[in-house]
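S.K.: This is data.txt (compact mmCIF, C-alpha atoms).
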# COMPACT_ATOMS: atom_id res chain seq x y z
CA MET W 1 0.00 0.00 0.00
CA MET W 2 1.37 3.40 -1.02
CA THR W 3 1.68 5.94 1.81
CA THR W 4 3.38 8.76 -0.08
CA ASN W 5 2.39 10.33 -3.37
CA PRO W 6 5.33 10.82 -5.77
CA ILE W 7 2.94 11.59 -8.65
CA ARG W 8 2.55 15.35 -8.86
CA ARG W 9 0.37 15.63 -11.95
CA VAL W 10 -1.04 13.53 -14.79
CA SER W 11 -2.23 15.17 -17.99
CA VAL W 12 -2.85 14.43 -21.65
CA ILE W 13 -1.60 16.13 -24.80
CA THR W 14 -2.69 15.47 -28.38
CA THR W 15 -0.33 15.18 -31.36
CA GLY W 16 -2.97 15.51 -34.06
CA GLU W 17 -5.98 13.43 -35.05
CA ALA W 18 -6.86 10.58 -37.39
CA ASP W 19 -10.06 9.49 -39.10
CA ALA W 20 -10.43 5.74 -38.64
CA HIS W 21 -13.00 3.41 -40.17
CA HIS W 22 -16.02 2.76 -37.98
CA GLU W 23 -15.34 -0.97 -38.40
CA HIS W 24 -11.77 -0.56 -37.15
CA ILE W 25 -13.04 0.75 -33.82
CA TYR W 26 -16.30 -1.12 -33.27
CA GLY W 27 -15.55 -4.40 -35.01
CA THR W 28 -17.36 -6.00 -37.94
CA TRP W 29 -18.26 -9.28 -39.59
CA LYS W 30 -16.95 -7.91 -42.89
CA PRO W 31 -13.65 -9.13 -44.37
CA ALA W 32 -10.86 -6.63 -43.75
CA LEU W 33 -10.29 -5.76 -47.40
CA LEU W 34 -13.99 -4.96 -47.80
CA TRP W 35 -14.20 -2.38 -45.03
CA ILE W 36 -10.71 -0.99 -45.66
CA PHE W 37 -11.47 -0.14 -49.27
CA PHE W 38 -15.23 0.35 -49.28
CA GLY W 39 -16.11 1.47 -45.75
CA ARG W 40 -17.60 4.96 -45.80
CA LYS W 41 -18.27 5.77 -42.15
CA ARG W 42 -15.30 7.16 -40.24
CA VAL W 43 -14.67 8.34 -36.68
CA ARG W 44 -12.19 11.05 -35.79
CA LEU W 45 -9.87 10.18 -32.90
CA PRO W 46 -7.16 12.15 -31.08
CA ILE W 47 -3.58 10.86 -31.00
CA ASN W 48 -3.01 11.16 -27.26
CA VAL W 49 0.13 11.10 -25.15
CA TYR W 50 -0.17 10.77 -21.37
CA VAL W 51 2.24 12.92 -19.35
CA ILE W 52 3.17 11.88 -15.81
CA GLU W 53 4.98 14.41 -13.64
CA HIS W 54 6.80 12.31 -11.06
CA GLU W 55 9.03 13.67 -8.31
CA ARG W 56 11.93 11.85 -10.03
CA GLY W 57 11.29 13.18 -13.51
CA LEU W 58 8.90 13.69 -16.39
CA MET W 59 7.51 10.47 -17.91
CA LEU W 60 5.42 9.78 -21.02
CA PHE W 61 3.13 6.91 -21.85
CA ASP W 62 3.46 6.82 -25.65
CA ALA W 63 5.06 9.52 -27.78
CA GLY W 64 2.39 10.33 -30.34
CA ALA W 65 2.66 10.64 -34.10
CA ASP W 66 5.31 12.08 -36.36
CA ARG W 67 3.79 14.55 -38.83
CA ALA W 68 5.85 12.87 -41.54
CA VAL W 69 3.48 9.88 -41.43
CA ASP W 70 1.15 12.09 -43.46
CA SER W 71 3.43 14.66 -45.11
CA ASP W 72 6.36 12.48 -46.27
CA PRO W 73 5.49 10.16 -49.20
CA GLY W 74 8.49 7.97 -48.36
CA TYR W 75 7.71 7.55 -44.66
CA HIS W 76 6.23 4.06 -45.03
CA GLY W 77 9.20 2.60 -46.85
CA ASP W 78 7.32 0.89 -49.68
CA ARG W 79 4.36 1.61 -51.94
CA ILE W 80 2.17 -1.24 -50.73
CA THR W 81 2.33 -0.08 -47.12
CA ALA W 82 1.73 3.54 -48.12
CA PHE W 83 -1.25 2.47 -50.28
CA PHE W 84 -2.94 0.60 -47.43
CA ASN W 85 -2.19 3.33 -44.90
CA ARG W 86 -3.92 5.92 -47.08
CA HIS W 87 -7.06 3.79 -47.08
CA ILE W 88 -7.02 2.85 -43.39
CA PHE W 89 -6.32 6.29 -41.88
CA ARG W 90 -6.85 9.90 -42.84
CA TRP W 91 -4.41 11.98 -40.84
CA HIS W 92 -4.90 15.51 -39.52
CA ILE W 93 -1.54 16.49 -38.06
CA GLY W 94 -0.57 20.15 -38.24
CA PRO W 95 2.79 21.87 -37.79
CA GLU W 96 1.77 22.75 -34.22
CA ASP W 97 1.01 19.13 -33.33
CA THR W 98 4.57 18.01 -32.66
CA LEU W 99 5.35 16.37 -29.34
CA THR W 100 7.67 19.27 -28.52
CA GLN W 101 5.08 21.98 -29.11
CA GLN W 102 2.30 20.13 -27.35
CA LEU W 103 4.50 19.58 -24.30
CA GLU W 104 5.34 23.28 -24.29
CA ARG W 105 1.65 24.17 -24.43
CA ALA W 106 1.18 21.98 -21.34
CA GLY W 107 3.99 23.79 -19.50
CA TYR W 108 6.80 21.28 -20.09
CA ALA W 109 9.91 20.98 -22.22
CA ALA W 110 10.71 17.97 -24.39
CA ALA W 111 14.27 18.12 -23.04
CA ASP W 112 12.92 17.37 -19.54
CA VAL W 113 11.40 13.99 -20.47
CA THR W 114 13.41 11.26 -18.77
CA MET W 115 11.44 8.16 -19.79
CA MET W 116 8.84 6.99 -22.29
CA VAL W 117 6.90 3.73 -22.00
CA ALA W 118 5.31 2.64 -25.29
CA SER W 119 1.95 0.90 -25.15
CA HIS W 120 3.06 -0.70 -28.44
CA LEU W 121 5.19 0.19 -31.45
CA HIS W 122 2.63 1.46 -33.96
CA ALA W 123 3.75 4.68 -35.62
CA ASP W 124 1.12 6.85 -33.94
CA HIS W 125 2.45 5.80 -30.52
CA VAL W 126 6.22 6.18 -30.98
CA GLY W 127 6.40 8.83 -33.70
CA GLY W 128 7.77 11.53 -31.39
CA ILE W 129 10.84 9.71 -30.04
CA ALA W 130 13.27 11.75 -32.16
CA GLU W 131 12.19 14.79 -30.12
CA ILE W 132 13.23 13.21 -26.80
CA PRO W 133 16.71 11.75 -27.56
CA GLN W 134 17.76 11.99 -23.90
CA ALA W 135 14.92 9.76 -22.68
CA ASP W 136 15.08 6.06 -21.90
CA LEU W 137 12.54 4.29 -24.11
CA PHE W 138 10.76 1.15 -22.94
CA ALA W 139 8.68 -1.37 -24.88
CA SER W 140 7.86 -5.01 -24.31
CA GLY W 141 10.51 -7.49 -25.33
CA GLU W 142 7.94 -9.27 -27.49
CA GLY W 143 7.17 -6.06 -29.33
CA LEU W 144 10.83 -5.23 -29.91
CA GLU W 145 11.52 -8.75 -31.12
CA TYR W 146 8.64 -8.59 -33.61
CA MET W 147 9.77 -5.17 -34.85
CA ARG W 148 13.27 -6.55 -35.54
CA GLY W 149 11.99 -9.77 -37.11
CA PRO W 150 11.48 -10.89 -40.71
CA ASP W 151 7.68 -10.74 -40.89
CA HIS W 152 7.38 -7.35 -42.63
CA PRO W 153 6.34 -5.42 -39.49
CA GLU W 154 5.94 -2.28 -41.63
CA ARG W 155 2.88 -3.93 -43.19
CA ARG W 156 1.37 -3.74 -39.72
CA PHE W 157 2.32 -0.08 -39.24
CA ILE W 158 5.54 -0.75 -37.30
CA PHE W 159 8.44 1.04 -38.98
CA ARG W 160 11.84 -0.06 -37.74
CA GLN W 161 13.59 2.75 -39.62
CA HIS W 162 11.66 5.29 -37.51
CA ILE W 163 11.99 3.35 -34.23
CA GLU W 164 15.64 2.29 -34.08
CA ILE W 165 16.90 5.71 -34.94
CA PRO W 166 20.48 6.82 -34.10
CA GLY W 167 20.89 7.44 -30.39
CA ALA W 168 17.52 6.00 -29.36
CA LYS W 169 17.86 4.27 -25.97
CA TRP W 170 15.47 1.34 -26.23
CA HIS W 171 15.06 -1.15 -23.39
CA ALA W 172 12.90 -4.26 -23.05
CA ILE W 173 10.39 -3.98 -20.21
CA PRO W 174 11.70 -6.26 -17.43
CA PHE W 175 8.47 -7.97 -16.41
CA GLU W 176 8.67 -10.01 -13.21
CA PRO W 177 6.22 -12.44 -11.58
CA THR W 178 3.88 -10.77 -9.13
CA GLY W 179 1.73 -12.29 -6.42
CA ASP W 180 0.20 -8.97 -5.39
CA PRO W 181 -3.55 -9.69 -5.04
CA GLU W 182 -4.32 -6.12 -6.05
CA PHE W 183 -3.10 -6.91 -9.57
CA ALA W 184 -4.89 -10.27 -9.89
CA PRO W 185 -5.37 -11.91 -12.33
CA PHE W 186 -2.22 -10.33 -13.79
CA SER W 187 0.70 -12.59 -12.95
CA GLU W 188 3.48 -10.34 -14.32
CA ALA W 189 4.20 -6.67 -13.78
CA TRP W 190 6.96 -4.07 -13.90
CA ASP W 191 7.18 -1.48 -11.14
CA VAL W 192 8.72 1.29 -13.22
CA LEU W 193 10.47 3.28 -10.48
CA GLY W 194 10.21 0.80 -7.63
CA ASP W 195 7.81 2.94 -5.59
CA GLY W 196 4.52 1.42 -6.73
CA SER W 197 3.30 4.59 -8.41
CA MET W 198 3.61 3.36 -12.01
CA VAL W 199 3.16 -0.32 -12.83
CA VAL W 200 3.23 -1.73 -16.37
CA LEU W 201 1.00 -4.74 -17.08
CA PRO W 202 0.94 -6.98 -20.19
CA THR W 203 -2.34 -6.60 -22.12
CA PRO W 204 -1.79 -8.45 -25.42
CA GLY W 205 -4.19 -8.57 -28.32
CA HIS W 206 -3.91 -5.38 -30.33
CA ILE W 207 -0.42 -6.11 -31.66
CA GLU W 208 2.59 -8.05 -30.42
CA GLY W 209 3.77 -6.75 -27.05
CA SER W 210 0.88 -4.43 -26.18
CA VAL W 211 1.00 -3.18 -22.57
CA SER W 212 -0.95 -0.93 -20.22
CA MET W 213 0.28 1.24 -17.36
CA LEU W 214 -1.35 1.63 -13.97
CA VAL W 215 -0.71 4.95 -12.22
CA ARG W 216 -1.46 4.92 -8.49
CA ARG W 217 -1.83 8.03 -6.35
CA VAL W 218 -2.61 8.54 -2.69
CA GLU W 219 -6.21 9.68 -2.03
CA ARG W 220 -6.94 10.00 -5.75
CA PRO W 221 -8.41 7.48 -8.19
CA PRO W 222 -5.91 5.17 -9.90
CA LEU W 223 -5.49 5.51 -13.65
CA LEU W 224 -5.05 2.72 -16.20
CA MET W 225 -3.65 3.78 -19.58
CA ILE W 226 -4.47 0.94 -21.96
CA GLY W 227 -3.12 2.01 -25.35
CA ASP W 228 -5.21 0.56 -28.19
CA LEU W 229 -6.58 -2.40 -26.24
CA THR W 230 -9.94 -0.74 -26.94
CA TYR W 231 -11.06 2.67 -28.13
CA ALA W 232 -13.71 3.25 -25.46
CA GLU W 233 -14.26 1.83 -21.98
CA GLU W 234 -17.85 0.84 -22.69
CA LEU W 235 -16.65 -1.43 -25.52
CA LEU W 236 -14.34 -3.21 -23.09
CA GLN W 237 -17.15 -3.71 -20.61
CA LEU W 238 -19.30 -5.26 -23.37
CA ASP W 239 -16.53 -7.52 -24.78
CA HIS W 240 -16.90 -5.62 -28.05
CA VAL W 241 -13.52 -6.06 -29.74
CA PRO W 242 -12.19 -3.89 -32.58
CA ALA W 243 -11.62 -5.28 -36.08
CA ILE W 244 -7.84 -5.11 -35.66
CA GLY W 245 -6.07 -7.59 -33.40
CA ASP W 246 -6.27 -11.11 -32.03
CA LYS W 247 -9.83 -11.60 -30.77
CA ASP W 248 -9.02 -14.29 -28.19
CA LEU W 249 -6.11 -12.35 -26.71
CA LEU W 250 -8.15 -9.15 -26.68
CA LEU W 251 -11.00 -10.83 -24.80
CA ALA W 252 -8.56 -12.32 -22.27
CA SER W 253 -7.01 -8.89 -21.69
CA PHE W 254 -10.47 -7.30 -21.43
CA ALA W 255 -11.34 -9.78 -18.68
CA LYS W 256 -8.15 -9.01 -16.75
CA VAL W 257 -8.79 -5.26 -16.92
CA ARG W 258 -12.35 -5.73 -15.68
CA ALA W 259 -11.02 -7.88 -12.81
CA LEU W 260 -8.53 -5.13 -11.95
CA LYS W 261 -11.39 -2.66 -11.80
CA GLU W 262 -13.18 -4.95 -9.35
CA HIS W 263 -10.16 -4.58 -7.02
CA MET W 264 -10.07 -0.84 -7.70
CA PRO W 265 -13.68 0.33 -8.19
CA ASP W 266 -12.66 3.93 -8.79
CA LEU W 267 -10.16 2.96 -11.50
CA VAL W 268 -10.19 5.40 -14.44
CA ILE W 269 -9.58 3.64 -17.77
CA LEU W 270 -7.85 5.74 -20.41
CA PRO W 271 -7.59 4.42 -23.98
CA ALA W 272 -4.88 6.03 -26.10
CA HIS W 273 -7.37 7.59 -28.50
CA ASP W 274 -9.98 8.63 -25.95
CA PRO W 275 -11.48 12.04 -26.90
CA THR W 276 -12.71 12.46 -23.31
CA ALA W 277 -9.32 11.79 -21.67
CA ALA W 278 -8.73 15.39 -20.52
CA GLU W 279 -12.20 15.52 -18.97
CA LYS W 280 -11.65 12.21 -17.18
CA LEU W 281 -8.31 13.37 -15.77
CA ARG W 282 -9.83 16.63 -14.52
CA ALA W 283 -12.60 14.70 -12.79
CA ALA W 284 -10.06 12.30 -11.23
CA GLY W 285 -8.10 15.19 -9.74
Mind converting the file's structure to structure tokens?
M.R.:
Amino acid sequence: MMTTNPIRRVSVITTGEADAHHEHIYGTWKPALLWIFFGRKRVRLPINVYVIEHERGLMLFDAGADRAVDSDPGYHGDRITAFFNRHIFRWHIGPEDTLTQQLERAGYAAADVTMMVASHLHADHVGGIAEIPQADLFASGEGLEYMRGPDHPERRFIFRQHIEIPGAKWHAIPFEPTGDPEFAPFSEAWDVLGDGSMVVLPTPGHIEGSVSMLVRRVERPPLLMIGDLTYAEELLQLDHVPAIGDKDLLLASFAKVRALKEHMPDLVILPAHDPTAAEKLRAAG
């Protein structure tokens, strides 16, 4: 049980927006190629980054998008990937939407970021790492292994050439077994700074190595940042999986998150693309 509160402030910044297919978010019976190329209904989502001001430094959960994903025709590396990306997402990322400028608007400096934990390695979650070269970067070992493997990760929106950039200090998340009943049924966890305030939990399903991060504060509701496990808490509660990902793994992770909320009834669940994230954080104090 935590008795001191090293977390000074938690906030959210937005590095642009993207229009995603309705089917991508809410799931569908349709074959992927059908909705990707012929789906007409889209939903606009923010590209959020969660900012944790800890007494030992400034931390990020995810690093947002690089504007080049939309403005640079060569960003994707090959024409097939670029072709599919244009049909899956419509980006709205302005010159003012860089990680650096959005941090400044929130009262921080990119140079002050000491650590970034990636929910996963999709380009809209690690696109800003070039702006925080001093920071230690953490992702799951499974995710890093997949990114470095032979299975064309760029076809799944993971671009090694924009992740393993010169000077980037990547580390595999050192998960350890945990018997803490508060985290049940999670059996592995990583206590980021060893004080219990930030704990990373494996929540696979969206893509290889997807993780969530629990932020615990004294006398304030705990926060669970879940990346793209789901796009809205109500979908998680209803076992309504998105069209992208491994359905069985997603449902298993959904169940674990719901069990965590049973242990922590006031838990605030924060998807990466939640348009109400700022409102939720204000309400949570």
S.K.: Measuring atom to atom with all atoms listed in the file, identify which of W:Asp228, W:Glu17, W:Glu279, W:Glu23 is nearest to His92 of chain W.
M.R.: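 Looking at the shortest contact to His92 of chain W, the residue is W:Glu17.
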S.K.: Residues at most 12 Å from Asn85 of chain W, counting all atoms listed in the file, excluding those fewer than 3 positions away in the same chain, as JSON, numbers by chain?
M.R.: {"W": [18, 19, 20, 21, 36, 37, 69, 70, 73, 75, 76, 77, 78, 79, 80, 81, 82, 88, 89, 90, 91, 123, 124, 154, 155, 156, 157, 158]}
S.K.: Report the closest atom pair, with its distance in Å rounded to one decimal, for each residue of segment 31-116 of chain W that has an atom no farther than 12 Å from segment 242-265 of chain W; count only C-alpha atoms, sort by chain and then rising residue number, and write it as CSV.
M.R.:
residue,atom,partner,partner_atom,distance
W:Pro31,CA,W:Ala243,CA,9.4
W:Ala32,CA,W:Ala243,CA,7.8
W:Leu33,CA,W:Ala243,CA,11.4
W:Leu34,CA,W:Ala243,CA,12.0
W:Trp35,CA,W:Ala243,CA,9.8
W:Ile36,CA,W:Ala243,CA,10.5
W:Ile88,CA,W:Ile244,CA,11.1
S.K.: Excluding same-chain residues fewer than 2 positions from Ala110 of chain W, what lies within 6 Å of it counting all atoms listed in the file, as a ChimeraX atom specification?
M.R.: /W:100,112-113,132
S.K.: Extract, using all atoms listed in the file, all DNA, RNA and protein residues at most 9 Å from Val211 of chain W, discarding same-chain residues fewer than 6 positions from it, and format them as a PyMOL selection string.
M.R.: chain W and resi 118-120+139-140+200-204+225-227+229
S.K.: Using all atoms listed in the file, which residue out of W:Ala109, W:Val12, W:Ile129, W:Val117 lies closest to Pro174 of chain W?
M.R.: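 Looking only at the distances to Pro174 of chain W, the closest residue turns out to be W:Val117.
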